[in-house]
Amino acid sequence: MALLLEIVSWAFLGLGAAFLIIGGIGMLRFPDLYARMHAAGVIDTLGAALILIGLAFQAGLTLVTLKLLLILVFVLFTSPTATYALANAAYRSGFPPLLSSKDDAPSKP
């Protein structure tokens with residue numbers, strides 16, 4: 001049973017690390033601020049959640065697990081909110097999104 005918990009724990013930790021690396025590559029490769037913020041917001045939340053779940057499996061049923069789950073809930077609420085606030089502030093300050101095609105351009109009445 002302990003071996004199974006170790007395997008599951010390391011699987012979550014490995015997946016979390018992989019998602020964070022993919023998110024870092026996406027932040028380097030995407031063309032504009034909004035696409036980069038999408039990569040950072042979504043992948044950061046998912047990667048951190050997977051790592052925290054893996055650490056909870058490592059800790060077993062202790063007070064540490066409860067603390068890790070509370071951190072997970074905090075991350076799940078704050079990361080998307082922070083990403084939205086940053087994107088909204090950038091848009092309101094006049095930083096335009098990169099438009100790559102005519103279909104994306106806003107229509108004029």
# chains A, B, ... in the order shown; residues from 1 in each chain; ligands from 1
$ residues_around --residues "Arg36 of chain A" --least-positions-apart "5" --cutoff "7 Å" --atoms "only C-alpha atoms" --output "PyMOL selection string"
chain A and resi 26-27+30
$ write_last_selection --atoms "N, CA and C atoms" --output "short mmCIF file (atom, residue, chain, number, x, y, z; two decimals), in the first residue's frame"
data_model
loop_
_atom_site.label_atom_id
_atom_site.label_comp_id
_atom_site.auth_asym_id
_atom_site.auth_seq_id
_atom_site.Cartn_x
_atom_site.Cartn_y
_atom_site.Cartn_z
N GLY A 26 5.56 28.05 -22.86
CA GLY A 26 4.48 28.82 -23.48
C GLY A 26 4.64 30.31 -23.25
N MET A 27 5.11 30.68 -22.07
CA MET A 27 5.32 32.11 -21.80
C MET A 27 6.42 32.68 -22.68
N PHE A 30 4.67 32.32 -26.80
CA PHE A 30 3.45 32.99 -27.25
C PHE A 30 3.74 34.43 -27.65
#
$ residues_around --residues "Ile21 of chain A" --least-positions-apart "6" --cutoff "12 Å" --atoms "only C-alpha atoms" --output "PyMOL selection string"
chain A and resi 14-15+27-28+39-40+43-44+46-48
$ select_by_dssp --residues "segment 13-101 of chain A" --states "helix (DSSP H, G or I)" --output "NGL selection string"
:A and (13-29 or 33-59 or 63-92)
$ closest_residue --among "A:Ala89, A:Met37, A:Ala59, A:Ile53" --to "Leu72 of chain A" --atoms "only C-alpha atoms"
A:Ile53
$ residues_around --residues "Leu5 of chain A" --least-positions-apart "6" --cutoff "10 Å" --atoms "only C-alpha atoms" --output "CSV table (one decimal) with N, CA and C atoms, in the first residue's frame"
chain,number,residue,atom,x,y,z
A,11,ALA,N,3.7,10.5,-9.3
A,11,ALA,CA,3.1,10.8,-10.6
A,11,ALA,C,2.5,12.2,-10.5
A,54,GLY,N,0.3,16.0,-4.9
A,54,GLY,CA,1.3,15.1,-4.7
A,54,GLY,C,2.0,15.2,-3.3
A,57,PHE,N,-0.3,13.6,-0.7
A,57,PHE,CA,-0.1,12.1,-0.7
A,57,PHE,C,1.2,11.7,0.1
A,58,GLN,N,2.2,12.5,-0.1
A,58,GLN,CA,3.5,12.3,0.6
A,58,GLN,C,3.3,12.4,2.1
A,60,GLY,N,0.6,12.0,4.0
A,60,GLY,CA,-0.3,11.1,4.7
A,60,GLY,C,-1.5,11.9,5.3
$ residues_around --residues "Ala85 of chain A" --least-positions-apart "5" --cutoff "12 Å" --atoms "only C-alpha atoms" --output "list in words"
Tyr34, Met37, Gly41, Thr78, Ser79, Pro80, Ala90, Tyr91 and Arg92 of chain A
$ write_last_selection --atoms "N, CA and C atoms" --output "compact mmCIF listing (two decimals), in the first residue's frame"
# COMPACT_ATOMS: atom_id res chain seq x y z
N TYR A 34 -1.38 38.90 -23.65
CA TYR A 34 -2.59 38.19 -23.25
C TYR A 34 -2.45 36.67 -23.42
N MET A 37 -0.20 35.54 -20.62
CA MET A 37 -0.91 35.50 -19.34
C MET A 37 -1.84 34.30 -19.27
N GLY A 41 -1.46 31.74 -16.32
CA GLY A 41 -2.58 31.56 -15.39
C GLY A 41 -3.09 30.13 -15.34
N THR A 78 -7.13 32.43 -6.02
CA THR A 78 -6.37 33.65 -6.27
C THR A 78 -5.68 33.70 -7.63
N SER A 79 -5.22 32.59 -8.14
CA SER A 79 -4.48 32.63 -9.40
C SER A 79 -5.33 33.09 -10.59
N PRO A 80 -6.53 32.54 -10.80
CA PRO A 80 -7.34 33.07 -11.91
C PRO A 80 -7.78 34.52 -11.68
N ALA A 90 -4.13 45.74 -18.03
CA ALA A 90 -3.39 45.97 -19.27
C ALA A 90 -4.31 46.47 -20.36
N TYR A 91 -5.49 45.90 -20.47
CA TYR A 91 -6.44 46.31 -21.51
C TYR A 91 -6.94 47.74 -21.26
N ARG A 92 -7.26 48.06 -20.01
CA ARG A 92 -7.75 49.40 -19.69
C ARG A 92 -6.68 50.47 -19.83
$ atom_distance --atom1 "atom CA of Val64 of chain A" --atom2 "atom CA of Gly24 of chain A"
28.5 Å
$ closest_residue --among "A:Ile51, A:Thr81, A:Ala2, A:Pro31" --to "Gly16 of chain A" --atoms "only C-alpha atoms"
A:Ile51
$ closest_residue --among "A:Leu86, A:Leu3, A:Val8, A:Val42" --to "Ala56 of chain A" --atoms "only C-alpha atoms"
A:Val8
$ atom_distance --atom1 "atom CA of Ala87 of chain A" --atom2 "atom CA of Ile71 of chain A"
23.8 Å
$ atom_distance --atom1 "atom CA of Leu70 of chain A" --atom2 "atom CA of Leu55 of chain A"
12.7 Å
$ decode --residues "segment 17-80 of chain A" --atoms "C-alpha atoms" --output "tab-separated table (two decimals), in the first residue's frame"
chain	number	residue	atom	x	y	z
A	17	ALA	CA	6.45	19.78	-12.81
A	18	ALA	CA	5.79	18.93	-16.46
A	19	PHE	CA	2.85	21.34	-16.65
A	20	LEU	CA	4.93	24.11	-15.08
A	21	ILE	CA	7.73	23.54	-17.58
A	22	ILE	CA	5.23	23.58	-20.45
A	23	GLY	CA	3.78	26.81	-19.08
A	24	GLY	CA	7.23	28.36	-18.93
A	25	ILE	CA	7.88	27.41	-22.52
A	26	GLY	CA	4.48	28.82	-23.48
A	27	MET	CA	5.32	32.11	-21.80
A	28	LEU	CA	8.45	32.33	-23.92
A	29	ARG	CA	6.83	31.25	-27.19
A	30	PHE	CA	3.45	32.99	-27.25
A	31	PRO	CA	3.32	36.24	-29.21
A	32	ASP	CA	1.66	38.80	-26.93
A	33	LEU	CA	0.91	39.67	-23.34
A	34	TYR	CA	-2.59	38.19	-23.25
A	35	ALA	CA	-1.57	34.82	-24.66
A	36	ARG	CA	1.36	34.69	-22.25
A	37	MET	CA	-0.91	35.50	-19.34
A	38	HIS	CA	-3.23	32.71	-20.43
A	39	ALA	CA	-0.33	30.25	-20.39
A	40	ALA	CA	0.85	31.53	-17.03
A	41	GLY	CA	-2.58	31.56	-15.39
A	42	VAL	CA	-3.92	28.21	-16.53
A	43	ILE	CA	-0.74	26.17	-16.38
A	44	ASP	CA	0.44	27.75	-13.14
A	45	THR	CA	-2.83	26.90	-11.41
A	46	LEU	CA	-2.89	23.34	-12.72
A	47	GLY	CA	0.80	22.70	-12.06
A	48	ALA	CA	0.65	24.07	-8.51
A	49	ALA	CA	-2.51	22.06	-7.81
A	50	LEU	CA	-0.92	18.82	-8.99
A	51	ILE	CA	2.22	19.44	-6.95
A	52	LEU	CA	0.20	20.23	-3.82
A	53	ILE	CA	-1.86	17.06	-4.29
A	54	GLY	CA	1.35	15.05	-4.69
A	55	LEU	CA	2.74	16.58	-1.51
A	56	ALA	CA	-0.51	15.77	0.30
A	57	PHE	CA	-0.09	12.12	-0.68
A	58	GLN	CA	3.49	12.26	0.64
A	59	ALA	CA	2.35	13.72	3.99
A	60	GLY	CA	-0.34	11.10	4.66
A	61	LEU	CA	-3.30	11.88	6.91
A	62	THR	CA	-1.78	14.60	9.09
A	63	LEU	CA	-2.24	18.26	9.86
A	64	VAL	CA	0.23	19.00	7.07
A	65	THR	CA	-2.24	17.53	4.56
A	66	LEU	CA	-4.97	19.85	5.79
A	67	LYS	CA	-2.62	22.83	5.42
A	68	LEU	CA	-1.65	21.74	1.90
A	69	LEU	CA	-5.32	21.43	0.91
A	70	LEU	CA	-6.02	24.90	2.31
A	71	ILE	CA	-3.14	26.27	0.24
A	72	LEU	CA	-4.62	24.48	-2.77
A	73	VAL	CA	-7.99	26.14	-2.26
A	74	PHE	CA	-6.26	29.52	-1.86
A	75	VAL	CA	-4.29	29.01	-5.11
A	76	LEU	CA	-7.41	27.90	-7.00
A	77	PHE	CA	-9.19	31.13	-6.03
A	78	THR	CA	-6.37	33.65	-6.27
A	79	SER	CA	-4.48	32.63	-9.40
A	80	PRO	CA	-7.34	33.07	-11.91
